[in-house]
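For reference, protein_5.tsv is printed below; it contains TSV, C-alpha atoms and all ligand atoms.
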chain	number	residue	atom	x	y	z
A	1	MET	CA	0.00	0.00	0.00
A	2	ILE	CA	1.32	3.43	-0.86
A	3	ASN	CA	1.64	5.73	2.09
A	4	LYS	CA	-0.87	8.52	1.80
A	5	PRO	CA	-0.27	11.80	3.61
A	6	ARG	CA	-1.90	11.77	7.02
A	7	ILE	CA	-4.49	14.26	8.17
A	8	LEU	CA	-5.89	14.62	11.66
A	9	SER	CA	-8.91	16.46	12.90
A	10	GLY	CA	-11.24	16.36	15.84
A	11	MET	CA	-14.43	17.67	17.35
A	12	GLN	CA	-15.47	18.00	20.95
A	13	PRO	CA	-18.43	15.91	22.11
A	14	THR	CA	-19.92	18.68	24.22
A	15	GLN	CA	-23.28	17.95	22.54
A	16	PRO	CA	-24.77	14.71	21.30
A	17	LYS	CA	-25.22	16.04	17.80
A	18	LEU	CA	-23.56	18.03	15.08
A	19	HIS	CA	-25.40	20.70	13.15
A	20	LEU	CA	-25.46	21.68	9.51
A	21	GLY	CA	-22.70	24.23	10.06
A	22	ASN	CA	-20.41	21.43	11.32
A	23	LEU	CA	-21.51	19.23	8.46
A	24	GLU	CA	-21.04	21.67	5.61
A	25	GLY	CA	-18.19	23.65	7.16
A	26	ALA	CA	-16.05	20.74	8.31
A	27	LEU	CA	-17.24	17.19	7.76
A	28	ARG	CA	-17.89	17.53	4.02
A	29	ASN	CA	-14.33	18.72	3.67
A	30	TRP	CA	-12.98	15.78	5.66
A	31	VAL	CA	-14.93	13.41	3.43
A	32	LYS	CA	-13.34	14.91	0.32
A	33	LEU	CA	-9.88	14.72	1.87
A	34	GLN	CA	-10.12	11.00	2.50
A	35	ASP	CA	-9.60	10.16	-1.17
A	36	GLU	CA	-6.04	11.43	-1.27
A	37	ASN	CA	-5.10	11.18	2.40
A	38	LYS	CA	-5.19	8.90	5.39
A	39	LEU	CA	-7.59	10.56	7.84
A	40	TYR	CA	-7.55	10.29	11.61
A	41	CYS	CA	-10.96	11.46	12.82
A	42	CYS	CA	-10.85	11.93	16.55
A	43	VAL	CA	-13.66	12.61	19.00
A	44	VAL	CA	-11.83	14.66	21.60
A	45	ASP	CA	-13.66	13.66	24.76
A	46	TRP	CA	-10.95	14.85	27.17
A	47	HIS	CA	-11.22	18.31	25.65
A	48	ALA	CA	-14.95	18.29	26.43
A	49	LEU	CA	-14.00	17.97	30.11
A	50	THR	CA	-12.67	21.51	30.08
A	51	THR	CA	-16.30	22.66	30.14
A	52	MET	CA	-18.11	19.56	31.47
A	53	ALA	CA	-15.99	18.40	34.40
A	54	ASP	CA	-18.78	19.16	36.90
A	55	ASP	CA	-20.91	16.51	35.27
A	56	PRO	CA	-19.09	14.41	32.72
A	57	SER	CA	-21.80	11.75	32.58
A	58	ALA	CA	-23.03	12.73	29.11
A	59	ILE	CA	-19.64	12.76	27.41
A	60	SER	CA	-19.40	9.06	26.68
A	61	GLU	CA	-22.79	8.91	24.93
A	62	ASN	CA	-22.15	12.21	23.16
A	63	SER	CA	-18.91	10.80	21.79
A	64	ARG	CA	-20.77	7.89	20.19
A	65	GLU	CA	-23.31	10.28	18.68
A	66	VAL	CA	-20.58	12.48	17.23
A	67	ALA	CA	-18.88	9.42	15.77
A	68	LEU	CA	-22.22	8.44	14.19
A	69	ASP	CA	-22.44	11.90	12.63
A	70	TYR	CA	-18.91	11.45	11.20
A	71	LEU	CA	-19.96	8.17	9.62
A	72	ALA	CA	-23.30	9.52	8.43
A	73	ALA	CA	-21.51	12.38	6.71
A	74	GLY	CA	-19.53	9.83	4.73
A	75	ILE	CA	-16.35	9.20	6.70
A	76	ASP	CA	-15.50	5.73	5.51
A	77	PRO	CA	-14.21	3.55	8.34
A	78	GLU	CA	-12.51	1.24	5.86
A	79	ARG	CA	-10.20	4.02	4.78
A	80	SER	CA	-10.23	6.43	7.69
A	81	THR	CA	-9.57	5.89	11.36
A	82	VAL	CA	-12.44	6.99	13.60
A	83	PHE	CA	-11.63	6.92	17.31
A	84	ILE	CA	-12.22	8.43	20.71
A	85	GLN	CA	-9.29	10.37	22.16
A	86	SER	CA	-9.45	8.83	25.64
A	87	HIS	CA	-9.15	5.33	24.17
A	88	VAL	CA	-5.61	6.16	23.06
A	89	LYS	CA	-3.65	6.98	26.23
A	90	GLU	CA	-0.67	8.20	24.23
A	91	HIS	CA	-2.54	11.51	23.90
A	92	ALA	CA	-2.22	11.97	27.66
A	93	GLU	CA	1.44	11.01	27.76
A	94	LEU	CA	2.42	13.37	24.98
A	95	HIS	CA	0.31	16.12	26.54
A	96	LEU	CA	2.29	15.75	29.75
A	97	LEU	CA	5.67	15.84	28.02
A	98	LEU	CA	4.74	18.82	25.83
A	99	SER	CA	3.46	20.67	28.89
A	100	MET	CA	7.06	20.71	30.16
A	101	VAL	CA	8.29	22.73	27.19
A	102	THR	CA	5.34	25.09	26.76
A	103	PRO	CA	5.82	28.51	28.32
A	104	LEU	CA	2.85	29.73	30.34
A	105	GLY	CA	2.91	33.02	28.48
A	106	TRP	CA	2.07	31.28	25.20
A	107	LEU	CA	-1.00	29.69	26.77
A	108	GLU	CA	-2.19	32.82	28.53
A	109	ARG	CA	-2.34	34.66	25.21
A	110	VAL	CA	-4.75	32.20	23.54
A	111	PRO	CA	-7.99	34.07	22.70
A	112	THR	CA	-10.39	31.22	23.57
A	113	TYR	CA	-8.68	30.85	26.94
A	114	LYS	CA	-9.02	34.54	27.69
A	115	GLU	CA	-12.70	34.47	26.73
A	116	LYS	CA	-13.60	31.34	28.70
A	117	ARG	CA	-11.70	32.49	31.72
A	118	GLU	CA	-13.60	35.77	31.94
A	119	ASN	CA	-16.76	33.82	32.72
A	120	LEU	CA	-15.21	31.79	35.53
A	121	THR	CA	-14.42	32.51	39.15
A	122	ALA	CA	-10.82	31.86	40.22
A	123	GLU	CA	-12.07	28.86	42.17
A	124	ARG	CA	-13.47	27.27	39.02
A	125	GLU	CA	-10.65	28.11	36.68
A	126	ALA	CA	-9.00	24.77	36.16
A	127	TYR	CA	-5.49	23.97	35.12
A	128	GLY	CA	-6.89	21.85	32.27
A	129	LEU	CA	-8.47	24.86	30.61
A	130	LEU	CA	-5.12	26.57	30.31
A	131	GLY	CA	-3.62	23.35	29.00
A	132	TYR	CA	-6.33	22.81	26.39
A	133	PRO	CA	-4.07	23.81	23.46
A	134	VAL	CA	-1.25	21.58	24.71
A	135	LEU	CA	-3.61	18.62	24.60
A	136	GLN	CA	-4.64	19.69	21.11
A	137	ALA	CA	-0.96	19.87	20.10
A	138	ALA	CA	-0.54	16.31	21.41
A	139	ASP	CA	-3.58	15.14	19.38
A	140	ILE	CA	-1.99	16.53	16.27
A	141	LEU	CA	1.69	15.73	16.70
A	142	LEU	CA	1.11	12.08	17.61
A	143	TYR	CA	0.01	11.40	14.02
A	144	LYS	CA	2.67	13.51	12.27
A	145	PRO	CA	0.05	14.86	9.90
A	146	MET	CA	0.68	16.76	6.69
A	147	GLY	CA	-2.28	18.98	7.51
A	148	VAL	CA	-5.08	19.72	9.93
A	149	PRO	CA	-8.47	20.76	8.53
A	150	VAL	CA	-10.13	23.25	10.85
A	151	GLY	CA	-12.21	26.39	10.86
A	152	LYS	CA	-10.61	29.82	10.95
A	153	ASP	CA	-11.39	30.13	14.66
A	154	GLN	CA	-8.86	27.38	15.33
A	155	ALA	CA	-5.92	29.21	13.75
A	156	PRO	CA	-4.47	30.43	17.08
A	157	HIS	CA	-4.56	26.88	18.46
A	158	LEU	CA	-2.76	25.52	15.43
A	159	GLU	CA	-0.17	28.27	15.54
A	160	LEU	CA	0.52	27.39	19.16
A	161	SER	CA	0.80	23.69	18.28
A	162	ARG	CA	3.37	24.65	15.69
A	163	GLU	CA	5.36	26.70	18.19
A	164	ILE	CA	5.38	23.78	20.60
A	165	LEU	CA	6.47	21.49	17.76
A	166	ARG	CA	9.38	23.77	16.89
A	167	ARG	CA	10.48	24.09	20.45
A	168	PHE	CA	10.38	20.32	20.91
A	169	ASN	CA	12.38	19.71	17.74
A	170	HIS	CA	14.86	22.41	18.72
A	171	LEU	CA	15.45	20.90	22.14
A	172	TYR	CA	15.43	17.19	21.33
A	173	GLY	CA	15.90	16.76	17.60
A	174	PRO	CA	13.61	16.66	14.58
A	175	VAL	CA	10.87	14.28	15.66
A	176	PHE	CA	7.83	16.17	14.39
A	177	PRO	CA	7.34	17.37	10.80
A	178	GLU	CA	5.64	20.73	10.22
A	179	PHE	CA	1.98	20.55	9.26
A	180	LYS	CA	-0.28	23.01	7.50
A	181	ASN	CA	-3.74	24.36	8.18
A	182	ILE	CA	-6.26	23.09	5.70
A	183	ILE	CA	-8.94	25.74	5.56
A	184	GLY	CA	-11.77	24.44	3.40
A	185	GLU	CA	-14.33	26.52	1.64
A	186	VAL	CA	-16.69	27.19	4.46
A	187	PRO	CA	-20.11	28.51	3.52
A	188	LEU	CA	-21.49	31.08	5.90
A	189	MET	CA	-24.33	29.21	7.47
A	190	LEU	CA	-26.69	31.31	9.53
A	191	GLY	CA	-28.75	29.84	12.32
A	192	LEU	CA	-32.51	30.21	12.57
A	193	ASP	CA	-32.16	33.55	14.37
A	194	GLY	CA	-29.85	35.07	11.75
A	195	ARG	CA	-26.71	34.75	13.90
A	196	LYS	CA	-23.96	32.27	13.09
A	197	MET	CA	-25.25	28.71	13.47
A	198	SER	CA	-24.03	27.46	16.81
A	199	LYS	CA	-25.06	24.88	19.36
A	200	SER	CA	-24.75	27.48	22.10
A	201	TYR	CA	-27.20	29.89	20.47
A	202	ASN	CA	-29.88	27.23	20.21
A	203	ASN	CA	-30.46	28.21	16.57
A	204	ALA	CA	-29.20	25.15	14.76
A	205	ILE	CA	-30.63	22.50	12.49
A	206	TYR	CA	-29.07	19.13	13.26
A	207	ILE	CA	-28.10	16.22	11.06
A	208	GLN	CA	-30.26	14.09	13.34
A	209	ASP	CA	-33.36	16.27	13.07
A	210	THR	CA	-36.22	14.57	11.25
A	211	GLU	CA	-37.64	16.09	8.08
A	212	ASP	CA	-40.67	17.32	10.05
A	213	GLU	CA	-38.48	18.87	12.74
A	214	THR	CA	-36.48	20.58	10.03
A	215	ALA	CA	-39.67	21.96	8.46
A	216	ALA	CA	-40.97	23.19	11.82
A	217	LYS	CA	-37.67	24.89	12.63
A	218	LEU	CA	-37.49	26.58	9.25
A	219	LYS	CA	-40.99	27.98	9.71
A	220	THR	CA	-39.66	29.96	12.67
A	221	ALA	CA	-36.53	31.16	10.86
A	222	PHE	CA	-35.50	34.79	10.78
A	223	THR	CA	-36.01	36.53	7.43
A	224	ASP	CA	-35.72	40.09	6.21
A	225	PRO	CA	-37.68	42.12	8.80
A	226	GLU	CA	-38.55	44.71	6.16
A	227	LYS	CA	-40.33	42.16	4.03
A	228	ILE	CA	-43.68	42.12	5.78
A	229	ARG	CA	-46.15	41.30	3.02
A	230	LYS	CA	-45.35	38.59	0.58
A	231	ASP	CA	-44.94	40.98	-2.36
A	232	ASP	CA	-42.71	43.45	-0.50
A	233	PRO	CA	-39.23	43.54	-2.04
A	234	GLY	CA	-36.75	41.74	0.23
A	235	HIS	CA	-33.06	41.74	1.08
A	236	PRO	CA	-31.68	38.22	1.03
A	237	GLU	CA	-28.38	39.17	2.67
A	238	GLY	CA	-28.65	38.43	6.37
A	239	CYS	CA	-31.70	36.22	5.82
A	240	ALA	CA	-31.17	32.83	7.49
A	241	VAL	CA	-33.30	31.08	4.88
A	242	PHE	CA	-31.29	32.55	2.04
A	243	SER	CA	-28.03	31.36	3.61
A	244	LEU	CA	-29.44	27.83	3.57
A	245	HIS	CA	-30.56	28.22	-0.05
A	246	GLN	CA	-26.96	29.17	-0.85
A	247	VAL	CA	-25.77	25.81	0.38
A	248	TYR	CA	-28.66	23.48	-0.42
A	249	ASN	CA	-30.36	25.09	-3.40
A	250	LEU	CA	-27.37	26.52	-5.20
A	251	ASN	CA	-28.71	25.64	-8.65
A	252	ASN	CA	-31.66	27.97	-8.17
A	253	ILE	CA	-29.91	30.62	-6.18
A	254	HIS	CA	-30.24	33.36	-8.82
A	255	THR	CA	-33.98	32.80	-9.10
A	256	VAL	CA	-34.39	32.86	-5.32
A	257	GLU	CA	-32.40	36.03	-5.06
A	258	SER	CA	-34.07	37.96	-7.88
A	259	GLU	CA	-37.58	36.88	-6.87
A	260	CYS	CA	-36.89	37.92	-3.29
A	261	ARG	CA	-35.58	41.31	-4.36
A	262	SER	CA	-38.40	41.98	-6.79
A	263	GLY	CA	-41.10	40.90	-4.37
A	264	SER	CA	-42.39	38.11	-6.56
A	265	ARG	CA	-41.54	35.52	-3.90
A	266	GLY	CA	-43.01	35.39	-0.40
A	267	CYS	CA	-41.12	34.17	2.63
A	268	VAL	CA	-43.58	31.36	3.33
A	269	ALA	CA	-43.11	29.80	-0.10
A	270	CYS	CA	-39.41	30.50	0.04
A	271	LYS	CA	-39.12	28.62	3.33
A	272	ARG	CA	-41.09	25.71	1.94
A	273	GLU	CA	-38.75	25.44	-1.03
A	274	CYS	CA	-35.75	25.73	1.27
A	275	THR	CA	-37.06	22.98	3.57
A	276	GLU	CA	-37.43	20.64	0.62
A	277	ALA	CA	-33.92	21.38	-0.58
A	278	VAL	CA	-32.40	20.87	2.87
A	279	ASN	CA	-34.29	17.65	3.52
A	280	GLU	CA	-33.50	16.26	0.12
A	281	SER	CA	-29.79	16.98	0.43
A	282	LEU	CA	-29.67	15.43	3.87
A	283	ARG	CA	-31.77	12.36	3.14
A	284	ALA	CA	-28.88	9.99	2.36
A	285	THR	CA	-26.84	11.28	5.31
A	286	ARG	CA	-29.74	10.86	7.71
A	287	GLU	CA	-30.56	7.41	6.43
A	288	ARG	CA	-26.97	6.29	6.78
A	289	ARG	CA	-27.07	7.39	10.40
A	290	HIS	CA	-30.09	5.17	11.09
A	291	GLN	CA	-28.50	2.17	9.44
A	292	ILE	CA	-25.49	2.01	11.73
A	293	ASP	CA	-26.07	-0.43	14.50
A	294	ARG	CA	-24.73	0.34	17.98
A	295	GLY	CA	-22.79	-2.89	18.30
A	296	GLU	CA	-21.20	-2.24	14.96
A	297	LEU	CA	-20.27	1.26	16.10
A	298	GLU	CA	-18.53	-0.07	19.22
A	299	ASN	CA	-16.51	-2.52	17.11
A	300	LEU	CA	-15.57	0.18	14.73
A	301	LEU	CA	-14.43	2.53	17.52
A	302	HIS	CA	-12.46	-0.29	19.07
A	303	ARG	CA	-10.73	-0.96	15.77
A	304	GLY	CA	-10.18	2.76	15.23
A	305	ALA	CA	-8.50	3.10	18.62
A	306	SER	CA	-6.17	0.15	17.86
A	307	GLU	CA	-5.19	1.66	14.52
A	308	ALA	CA	-4.60	5.07	16.07
A	309	ARG	CA	-2.61	3.52	18.92
A	310	GLU	CA	-0.45	1.65	16.47
A	311	PHE	CA	0.76	4.91	14.97
A	312	ALA	CA	0.74	6.92	18.19
A	313	SER	CA	2.78	4.38	20.13
A	314	GLN	CA	5.53	4.50	17.50
A	315	THR	CA	5.64	8.25	17.77
A	316	MET	CA	5.89	7.96	21.54
A	317	GLU	CA	8.83	5.59	21.22
A	318	GLU	CA	10.60	8.23	19.18
A	319	VAL	CA	9.63	10.96	21.63
A	320	ARG	CA	10.94	9.04	24.63
A	321	GLY	CA	14.09	8.24	22.69
A	322	ALA	CA	14.67	11.86	21.71
A	323	MET	CA	14.15	12.94	25.32
A	324	LYS	CA	16.36	10.12	26.64
A	325	LEU	CA	13.51	8.84	28.76
A	326	ARG	CA	14.08	5.15	28.39
B	1	LIG	N1	-10.14	22.69	19.54
B	1	LIG	C1	-10.88	22.02	18.51
B	1	LIG	C2	-12.26	22.66	18.40
B	1	LIG	O1	-12.78	23.16	19.37
B	1	LIG	C3	-11.04	20.55	18.76
B	1	LIG	C4	-9.76	19.81	18.68
B	1	LIG	C5	-9.10	19.17	19.68
B	1	LIG	C6	-8.99	19.59	17.49
B	1	LIG	N2	-8.00	18.57	19.23
B	1	LIG	C7	-7.88	18.80	17.89
B	1	LIG	C8	-9.14	20.01	16.17
B	1	LIG	C9	-6.91	18.43	16.98
B	1	LIG	C10	-8.15	19.63	15.26
B	1	LIG	C11	-7.04	18.86	15.67
B	1	LIG	O2	-12.85	22.60	17.35
B	2	LIG	FE1	-35.43	35.40	2.92
B	2	LIG	FE2	-36.70	34.09	1.02
B	2	LIG	FE3	-38.00	35.89	2.49
B	2	LIG	FE4	-36.18	36.67	0.74
B	2	LIG	S1	-38.09	35.63	0.30
B	2	LIG	S2	-36.37	37.39	2.84
B	2	LIG	S3	-34.69	35.02	0.85
B	2	LIG	S4	-37.14	33.96	3.18
Can I see the file as structure tokens?
Amino acid sequence: MINKPRILSGMQPTQPKLHLGNLEGALRNWVKLQDENKLYCCVVDWHALTTMADDPSAISENSREVALDYLAAGIDPERSTVFIQSHVKEHAELHLLLSMVTPLGWLERVPTYKEKRENLTAEREAYGLLGYPVLQAADILLYKPMGVPVGKDQAPHLELSREILRRFNHLYGPVFPEFKNIIGEVPLMLGLDGRKMSKSYNNAIYIQDTEDETAAKLKTAFTDPEKIRKDDPGHPEGCAVFSLHQVYNLNNIHTVESECRSGSRGCVACKRECTEAVNESLRATRERRHQIDRGELENLLHRGASEAREFASQTMEEVRGAMKLR
């Protein structure tokens, strides 16, 4: 078998389901990448603990649900390795070793850390939150990937991973190759309220939603507030429904846009058309999700962890060697 370039990415199982923003913005890109690359698709359950340590009981089930969403989106377990971070203990070992060469100042500058920390009392501000990017660096470096596909918001984390990598190589020798950010074409997907689609805003449509749930949600979606009567001319920019048309009804997008602007299309009909387009595009994905049996999923995650461990344990041998820790 020819060695394909490796790619690693991960998502946090803070919720039991991924939404259409995750699907179109990230997973679709991963699926495309698996033709030319060997993908490691990680569910980063330890990272979820940085916000769920008070009650971690949901994380295990969430992780399975996220893995199901990966598979439903078209991650092919025959070619790609799907696994749960905590099943591969090498992530913890490398995290510990990298933590020894990561200056505190680098971590304190990370924007997501600064944001999260503002909402916490000193008492609740855990060491793990500060170390979040070190754990992420470990996730990445263990697999010596050529690239890491992520959203733009992750750029500071990846930059930090790269700085840790360089420091490690400088101190102990060239163990880790540089990797690049793979920023896919990410459509701007608005949530039902017109803000960015996000699980925390409660404005998302989920892969797991049924067709009826999708229809009901779209009925409540935010549209142009100046378009009151159906023949009022509208402004599609900023309309949540239009942003979904742009992804799921691209073939008709010019018609949707000109009819909205001219007032020959009403929002009710527009939403109906949008619902059909969304449901139709998602049908195969949703069906695939239902077809995966739970026992099968457990086997697949078990196999994924063994495959990941096989690579990760070799890296750790090199790391221990470079650090003279035998
Ligand atoms: N921080 C990432 C996020 O919130 C999740 C993550 C953890 C990750 N480890 C990773 C992403 C490694 C890519 C590679 O989305
Ligand atoms: Fe949005 Fe469609 Fe209404 Fe225009 S017609 S404002 S695109 S829902």
The residue from A:Cys274, A:Tyr40, A:Gly131, A:Pro111 with the smallest atom-to-atom distance to Glu78 in chain A, counting all atoms listed in the file, is A:Tyr40
With a distance cut-off of 9 Å and all atoms listed in the file, select the neighbouring residues of Thr102 in chain A, excluding the residue or stretch itself and same-chain residues fewer than 2 positions from it, and output the selection as a VMD selection string.
chain A and resid 98 to 100 104 to 107 134 163 to 164 167
Box along x, y and z, 8 Å on every side, all listed atoms of range 123-140 of chain A inside: centre and edge lengths in Å to one decimal, as JSON.
{"center_x": -7.0, "center_y": 22.0, "center_z": 29.2, "size_x": 28.9, "size_y": 29.7, "size_z": 41.9}
Interatomic distance between atom C7 of ligand LIG 1 (chain B) and CA of Ala240 in chain A?
->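 The value is 29.1 Å.
Excluding Tyr113 in chain A and any residue on its chain fewer than 4 positions from it, the residues at most 12 Å away by only C-alpha atoms are Thr50, Thr51, Gly105, Trp106, Leu107, Glu108, Arg109, Arg117, Glu118, Asn119, Leu120, Glu125, Ala126, Tyr127, Gly128, Leu129, Leu130, Gly131, Tyr132, Pro133, Pro156 and His157 of chain A.
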Select from chain A every residue with an atom at most 9 Å from any atom of ligand LIG 2 (chain B), then for each give the shortest pair of atoms and their distance in Å to one decimal, using all atoms listed in the file, rows by chain and rising number, as a tab-separated table.
residue	atom	partner	partner_atom	distance
A:Ala221	CA	B:LIG2	S4	8.2
A:Phe222	CA	B:LIG2	S4	7.8
A:Thr223	CA	B:LIG2	S2	4.7
A:Asp224	CA	B:LIG2	S2	4.4
A:Pro225	CA	B:LIG2	S2	7.7
A:Glu226	CA	B:LIG2	S2	8.3
A:Lys227	CA	B:LIG2	S2	6.3
A:Lys230	CA	B:LIG2	S1	7.8
A:Pro233	CA	B:LIG2	FE4	8.0
A:Gly234	CA	B:LIG2	S2	5.1
A:His235	CA	B:LIG2	S2	5.7
A:Pro236	CA	B:LIG2	S3	4.4
A:Glu237	CA	B:LIG2	S3	7.8
A:Gly238	CA	B:LIG2	FE1	8.2
A:Cys239	CA	B:LIG2	FE1	4.8
A:Ala240	CA	B:LIG2	FE1	6.8
A:Val241	CA	B:LIG2	S4	5.1
A:Phe242	CA	B:LIG2	S3	4.4
A:Ser243	CA	B:LIG2	S3	8.1
A:His245	CA	B:LIG2	S3	8.0
A:Val256	CA	B:LIG2	S3	6.5
A:Glu257	CA	B:LIG2	S3	6.4
A:Ser258	CA	B:LIG2	FE4	9.0
A:Glu259	CA	B:LIG2	S1	7.3
A:Cys260	CA	B:LIG2	FE4	4.3
A:Arg261	CA	B:LIG2	FE4	6.9
A:Gly263	CA	B:LIG2	S1	7.7
A:Ser264	CA	B:LIG2	S1	8.5
A:Arg265	CA	B:LIG2	S1	5.4
A:Gly266	CA	B:LIG2	S1	5.0
A:Cys267	CA	B:LIG2	FE3	3.6
A:Val268	CA	B:LIG2	S4	6.9
A:Ala269	CA	B:LIG2	S1	7.7
A:Cys270	CA	B:LIG2	FE2	4.6
A:Lys271	CA	B:LIG2	S4	5.7
A:Cys274	CA	B:LIG2	FE2	8.4
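Among the candidates A:Asn299, A:Thr214, A:Asn252, A:Gln291, the residue lying nearest to Asp69 in chain A is A:Gln291 (atoms considered: all atoms listed in the file).
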Test item: residues no farther than 10 Å from ligand LIG 1 (chain B), counting all atoms listed in the file, as a compact mmCIF listing (two decimals) with C-alpha atoms, keeping the file's coordinate frame:
# COMPACT_ATOMS: atom_id res chain seq x y z
CA ILE A 7 -4.49 14.26 8.17
CA LEU A 8 -5.89 14.62 11.66
CA SER A 9 -8.91 16.46 12.90
CA GLY A 10 -11.24 16.36 15.84
CA MET A 11 -14.43 17.67 17.35
CA GLN A 12 -15.47 18.00 20.95
CA PRO A 13 -18.43 15.91 22.11
CA THR A 14 -19.92 18.68 24.22
CA ASN A 22 -20.41 21.43 11.32
CA ALA A 26 -16.05 20.74 8.31
CA TYR A 40 -7.55 10.29 11.61
CA CYS A 41 -10.96 11.46 12.82
CA CYS A 42 -10.85 11.93 16.55
CA VAL A 43 -13.66 12.61 19.00
CA VAL A 44 -11.83 14.66 21.60
CA ASP A 45 -13.66 13.66 24.76
CA TRP A 46 -10.95 14.85 27.17
CA HIS A 47 -11.22 18.31 25.65
CA ALA A 48 -14.95 18.29 26.43
CA GLN A 85 -9.29 10.37 22.16
CA THR A 112 -10.39 31.22 23.57
CA TYR A 132 -6.33 22.81 26.39
CA PRO A 133 -4.07 23.81 23.46
CA VAL A 134 -1.25 21.58 24.71
CA LEU A 135 -3.61 18.62 24.60
CA GLN A 136 -4.64 19.69 21.11
CA ALA A 137 -0.96 19.87 20.10
CA ALA A 138 -0.54 16.31 21.41
CA ASP A 139 -3.58 15.14 19.38
CA ILE A 140 -1.99 16.53 16.27
CA LEU A 141 1.69 15.73 16.70
CA PRO A 145 0.05 14.86 9.90
CA GLY A 147 -2.28 18.98 7.51
CA VAL A 148 -5.08 19.72 9.93
CA PRO A 149 -8.47 20.76 8.53
CA VAL A 150 -10.13 23.25 10.85
CA GLY A 151 -12.21 26.39 10.86
CA LYS A 152 -10.61 29.82 10.95
CA ASP A 153 -11.39 30.13 14.66
CA GLN A 154 -8.86 27.38 15.33
CA ALA A 155 -5.92 29.21 13.75
CA PRO A 156 -4.47 30.43 17.08
CA HIS A 157 -4.56 26.88 18.46
CA LEU A 158 -2.76 25.52 15.43
CA SER A 161 0.80 23.69 18.28
CA ASN A 181 -3.74 24.36 8.18
If you count all atoms listed in the file, which residues fall within 10 Å of Pro174 in chain A, apart from same-chain ones fewer than 4 positions away, as a PDB file with C-alpha atoms, in the frame of the given file?
ATOM      1  CA  LEU A 165       6.470  21.490  17.760  1.00  0.00           C
ATOM      2  CA  ARG A 166       9.380  23.770  16.890  1.00  0.00           C
ATOM      3  CA  ARG A 167      10.480  24.090  20.450  1.00  0.00           C
ATOM      4  CA  PHE A 168      10.380  20.320  20.910  1.00  0.00           C
ATOM      5  CA  ASN A 169      12.380  19.710  17.740  1.00  0.00           C
ATOM      6  CA  HIS A 170      14.860  22.410  18.720  1.00  0.00           C
ATOM      7  CA  GLU A 178       5.640  20.730  10.220  1.00  0.00           C
ATOM      8  CA  VAL A 319       9.630  10.960  21.630  1.00  0.00           C
ATOM      9  CA  ALA A 322      14.670  11.860  21.710  1.00  0.00           C
TER      10      ALA A 322
END
Pick the closest to Glu24 in chain A from A:Glu90, A:Glu123, A:Glu159, A:Glu185: which is it, counting only C-alpha atoms?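 Answer, going by the shortest atom-to-atom distance: A:Glu185.
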**Asked** Which neighbours of Arg320 in chain A fall inside 12 Å, counting only C-alpha atoms, when residues of the same chain fewer than 3 positions from it are skipped, and could you give them as an MDAnalysis selection string?
**Response** chainID A and resid 90 93:94 97:98 168 172:173 175 313:317 323:326
Restricted to C-alpha atoms, what would the selected residues look like written as a compact mmCIF listing (two decimals), in the coordinates of the input?
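Resulting contents of out_15.txt:
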# COMPACT_ATOMS: atom_id res chain seq x y z
CA GLU A 90 -0.67 8.20 24.23
CA GLU A 93 1.44 11.01 27.76
CA LEU A 94 2.42 13.37 24.98
CA LEU A 97 5.67 15.84 28.02
CA LEU A 98 4.74 18.82 25.83
CA PHE A 168 10.38 20.32 20.91
CA TYR A 172 15.43 17.19 21.33
CA GLY A 173 15.90 16.76 17.60
CA VAL A 175 10.87 14.28 15.66
CA SER A 313 2.78 4.38 20.13
CA GLN A 314 5.53 4.50 17.50
CA THR A 315 5.64 8.25 17.77
CA MET A 316 5.89 7.96 21.54
CA GLU A 317 8.83 5.59 21.22
CA MET A 323 14.15 12.94 25.32
CA LYS A 324 16.36 10.12 26.64
CA LEU A 325 13.51 8.84 28.76
CA ARG A 326 14.08 5.15 28.39
Ser63 in chain A environment, 8 Å, all atoms listed in the file, sequence neighbours closer than 2 positions dropped, as a list in words: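 Contacts, with the query itself left out: Pro13, Pro16, Val43, Asp45, Ile59, Ser60, Glu61, Glu65, Val66, Ala67 and Ile84 of chain A.
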Those residues with C-alpha atoms, as a short mmCIF file (atom, residue, chain, number, x, y, z; two decimals), keeping the file's coordinate frame please?
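So the final result, stored in part30.cif, reads:
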data_model
loop_
_atom_site.label_atom_id
_atom_site.label_comp_id
_atom_site.auth_asym_id
_atom_site.auth_seq_id
_atom_site.Cartn_x
_atom_site.Cartn_y
_atom_site.Cartn_z
CA PRO A 13 -18.43 15.91 22.11
CA PRO A 16 -24.77 14.71 21.30
CA VAL A 43 -13.66 12.61 19.00
CA ASP A 45 -13.66 13.66 24.76
CA ILE A 59 -19.64 12.76 27.41
CA SER A 60 -19.40 9.06 26.68
CA GLU A 61 -22.79 8.91 24.93
CA GLU A 65 -23.31 10.28 18.68
CA VAL A 66 -20.58 12.48 17.23
CA ALA A 67 -18.88 9.42 15.77
CA ILE A 84 -12.22 8.43 20.71
#
Of A:Gly191, A:Pro103, A:Pro77, A:Gly21, the one sitting nearest Leu300 in chain A when using all atoms listed in the file is A:Pro77
- [ ] Tell me, in Å to one decimal, how far CA of Val82 in chain A is from CA of Ala53 in chain A.
- [x]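 Taking CA of Val82 in chain A as the start and CA of Ala53 in chain A as the end point, the length is 24.0 Å.
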